[in-house]
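Enquirer: Structure supplied as structure_12.txt; contents: compact mmCIF, C-alpha atoms.
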# COMPACT_ATOMS: atom_id res chain seq x y z
CA MET E 1 -13.72 -57.66 -12.43
CA MET E 2 -11.24 -60.10 -14.01
CA SER E 3 -8.23 -58.78 -15.89
CA LYS E 4 -7.83 -59.63 -19.58
CA SER E 5 -4.80 -61.86 -18.91
CA LEU E 6 -6.66 -63.78 -16.19
CA LYS E 7 -9.64 -64.25 -18.53
CA ARG E 8 -7.29 -65.60 -21.24
CA VAL E 9 -5.64 -68.02 -18.80
CA SER E 10 -9.04 -69.21 -17.54
CA LEU E 11 -10.31 -69.70 -21.08
CA ALA E 12 -7.13 -71.59 -22.05
CA VAL E 13 -7.48 -73.87 -19.02
CA LEU E 14 -11.14 -74.59 -19.84
CA LEU E 15 -10.38 -75.32 -23.49
CA THR E 16 -7.48 -77.61 -22.57
CA ALA E 17 -9.65 -79.48 -20.07
CA ALA E 18 -12.39 -79.91 -22.68
CA VAL E 19 -9.95 -81.27 -25.26
CA VAL E 20 -8.44 -83.71 -22.76
CA PHE E 21 -11.88 -84.84 -21.56
CA ILE E 22 -13.22 -85.35 -25.08
CA GLY E 23 -10.03 -87.12 -26.19
CA CYS E 24 -10.12 -89.51 -23.25
CA GLU E 25 -13.80 -90.22 -23.66
CA SER E 26 -13.41 -91.15 -27.32
CA LYS E 27 -10.73 -93.76 -26.63
CA GLU E 28 -12.29 -97.18 -26.15
CA LEU E 29 -10.14 -99.32 -23.87
CA ILE E 30 -9.67 -103.03 -24.45
CA ARG E 31 -8.48 -105.11 -21.53
CA PRO E 32 -8.31 -108.92 -21.30
CA LYS E 33 -9.12 -110.70 -18.04
CA GLN E 34 -6.48 -110.20 -15.34
CA SER E 35 -5.65 -113.94 -15.31
CA ASP E 36 -4.92 -113.80 -19.07
CA ILE E 37 -2.76 -110.70 -18.57
CA ASP E 38 -0.79 -112.35 -15.77
CA ALA E 39 -0.21 -115.49 -17.84
CA TYR E 40 0.87 -113.47 -20.89
CA LEU E 41 3.30 -111.31 -18.90
CA GLN E 42 4.76 -114.38 -17.22
CA ALA E 43 5.24 -116.06 -20.62
CA HIS E 44 6.87 -112.89 -22.03
CA PRO E 45 9.25 -111.61 -19.31
CA ASP E 46 11.24 -109.50 -21.80
CA LEU E 47 8.21 -107.57 -23.04
CA PRO E 48 9.09 -103.85 -23.37
CA ALA E 49 7.75 -101.50 -20.69
CA THR E 50 5.57 -99.71 -23.26
CA ASP E 51 3.83 -102.96 -24.15
CA GLN E 52 3.36 -103.90 -20.49
CA SER E 53 1.78 -100.51 -19.85
CA CYS E 54 -0.49 -100.80 -22.89
CA ILE E 55 -1.65 -104.25 -21.79
CA ALA E 56 -2.37 -103.02 -18.26
CA ASP E 57 -4.31 -100.01 -19.56
CA GLY E 58 -5.94 -101.67 -22.58
CA ARG E 59 -4.65 -99.03 -24.98
CA PHE E 60 -2.49 -98.91 -28.09
CA GLU E 61 0.63 -96.90 -28.93
CA ILE E 62 2.93 -96.47 -31.86
CA GLY E 63 6.07 -98.47 -31.16
CA MET E 64 4.37 -101.35 -29.39
CA LEU E 65 4.91 -104.88 -30.66
CA ALA E 66 2.47 -106.35 -33.15
CA GLU E 67 2.17 -109.43 -30.93
CA THR E 68 0.85 -107.19 -28.12
CA VAL E 69 -1.91 -105.93 -30.44
CA ARG E 70 -2.72 -109.55 -31.28
CA PHE E 71 -2.88 -110.40 -27.56
CA LEU E 72 -5.24 -107.49 -26.85
CA LEU E 73 -7.52 -107.87 -29.90
CA GLY E 74 -6.98 -111.40 -31.22
CA GLU E 75 -6.49 -112.17 -34.89
CA PRO E 76 -7.08 -109.28 -37.29
CA LYS E 77 -10.20 -109.39 -39.46
CA THR E 78 -7.91 -108.80 -42.45
CA ILE E 79 -4.17 -108.55 -43.05
CA GLU E 80 -3.00 -106.75 -46.16
CA GLN E 81 0.61 -106.80 -47.36
CA ILE E 82 1.70 -103.38 -48.65
CA ARG E 83 5.02 -102.56 -50.27
CA GLN E 84 5.99 -99.02 -49.31
CA PRO E 85 9.04 -97.32 -50.87
CA TRP E 86 10.81 -97.49 -47.48
CA ALA E 87 9.62 -100.87 -46.13
CA GLN E 88 7.24 -103.80 -46.34
CA GLN E 89 4.13 -103.12 -44.26
CA GLU E 90 1.21 -105.13 -43.04
CA HIS E 91 -2.13 -103.43 -42.47
CA TRP E 92 -4.13 -105.19 -39.75
CA MET E 93 -7.84 -104.36 -39.67
CA TYR E 94 -9.92 -104.97 -36.55
CA LYS E 95 -13.63 -104.42 -36.08
CA LYS E 96 -13.94 -104.94 -32.31
CA GLY E 97 -15.71 -101.95 -30.87
CA LYS E 98 -14.29 -99.25 -33.10
CA LYS E 99 -12.85 -100.11 -36.47
CA ARG E 100 -9.05 -99.92 -36.12
CA LEU E 101 -6.28 -100.18 -38.69
CA PHE E 102 -2.76 -100.91 -37.44
CA TYR E 103 0.24 -100.30 -39.67
CA ILE E 104 2.95 -102.86 -38.89
CA GLU E 105 6.60 -102.68 -39.94
CA ASP E 106 9.31 -104.99 -38.66
CA LYS E 107 6.94 -106.46 -36.02
CA HIS E 108 6.13 -103.01 -34.54
CA VAL E 109 3.14 -100.69 -34.79
CA VAL E 110 4.13 -97.63 -36.82
CA GLY E 111 0.65 -96.15 -37.23
CA ILE E 112 -2.90 -96.49 -35.94
CA ASP E 113 -6.15 -95.25 -37.48
CA GLU E 114 -9.51 -95.44 -35.71
CA PHE E 115 -12.80 -95.12 -37.53
CA ASP E 116 -16.40 -94.86 -36.41
CA LYS E 117 -18.37 -97.97 -37.31
Before anything else, please render the file you have as structure tokens.
Expert:
Amino acid sequence: MMSKSLKRVSLAVLLTAAVVFIGCESKELIRPKQSDIDAYLQAHPDLPATDQSCIADGRFEIGMLAETVRFLLGEPKTIEQIRQPWAQQEHWMYKKGKKRLFYIEDKHVVGIDEFDK
């Protein structure tokens, strides 16, 4: 018979694994052809490590450069200029795969929303 603490640990491990699995499955990866990636990285030798990693994995992160988003997804479907109290923002909307909205400030991604179609 399992002790109560062992049952709790087992349940916590199962729940954590389920959350990780579901979270990973819901992320749609976007990755250009390897030849395009190689050419882009060669043309941008000073690209931050975060951006290089995102390009290699076809994912998006807060803090990455807006130009990296543009490389991965192309031109946004719409760009909206928004004046926030703290900064000027651009909202870039994409409809490739999932609908994504990127919040851009000072040429960096400061927020990402994903929507079902």
Enquirer: Show me as a compact mmCIF listing (two decimals) with C-alpha atoms, in the frame of the given file the residues that reach within 9 Å of (-7.6, -100.5, -38.2), counting all atoms listed in the file and using the file's own coordinates.
Expert:
# COMPACT_ATOMS: atom_id res chain seq x y z
CA PRO E 76 -7.08 -109.28 -37.29
CA HIS E 91 -2.13 -103.43 -42.47
CA TRP E 92 -4.13 -105.19 -39.75
CA MET E 93 -7.84 -104.36 -39.67
CA TYR E 94 -9.92 -104.97 -36.55
CA LYS E 95 -13.63 -104.42 -36.08
CA LYS E 98 -14.29 -99.25 -33.10
CA LYS E 99 -12.85 -100.11 -36.47
CA ARG E 100 -9.05 -99.92 -36.12
CA LEU E 101 -6.28 -100.18 -38.69
CA PHE E 102 -2.76 -100.91 -37.44
CA TYR E 103 0.24 -100.30 -39.67
CA ILE E 112 -2.90 -96.49 -35.94
CA ASP E 113 -6.15 -95.25 -37.48
CA GLU E 114 -9.51 -95.44 -35.71
CA PHE E 115 -12.80 -95.12 -37.53
Enquirer: Calculate, to one decimal in Å, the centre and edge lengths of the box along x, y and z of the file that holds all listed atoms of range 52-58 of chain E with 6 Å of margin on each side, and present them as AutoDock Vina command-line options.
Expert:
--center_x -1.3 --center_y -102.1 --center_z -20.6 --size_x 21.3 --size_y 16.2 --size_z 16.6
Enquirer: Nearest residue to Leu73 in chain E out of E:Gln42, E:Trp86, E:Glu61, E:Gly97, using all atoms listed in the file?
Expert: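 With all atoms listed in the file as the atom set, the closest residue is E:Gly97.
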Enquirer: Ranking E:Val110, E:Cys54, E:Pro48, E:Glu75 by minimum distance to Lys96 in chain E and counting all atoms listed in the file, which one comes first?
Expert: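 Using all atoms listed in the file, the shortest distance to Lys96 in chain E belongs to E:Glu75.
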Enquirer: Can you work out the spacing between CA of Glu90 in chain E and CA of Glu105 in chain E in Å, to one decimal?
Expert: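 Going from CA of Glu90 in chain E over to CA of Glu105 in chain E, I get 6.7 Å.
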Enquirer: For CA of Glu67 in chain E and CA of His108 in chain E, quote the distance in Å rounded to one decimal.
Expert: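 Value for the CA of Glu67 in chain E-CA of His108 in chain E distance: 8.4 Å.
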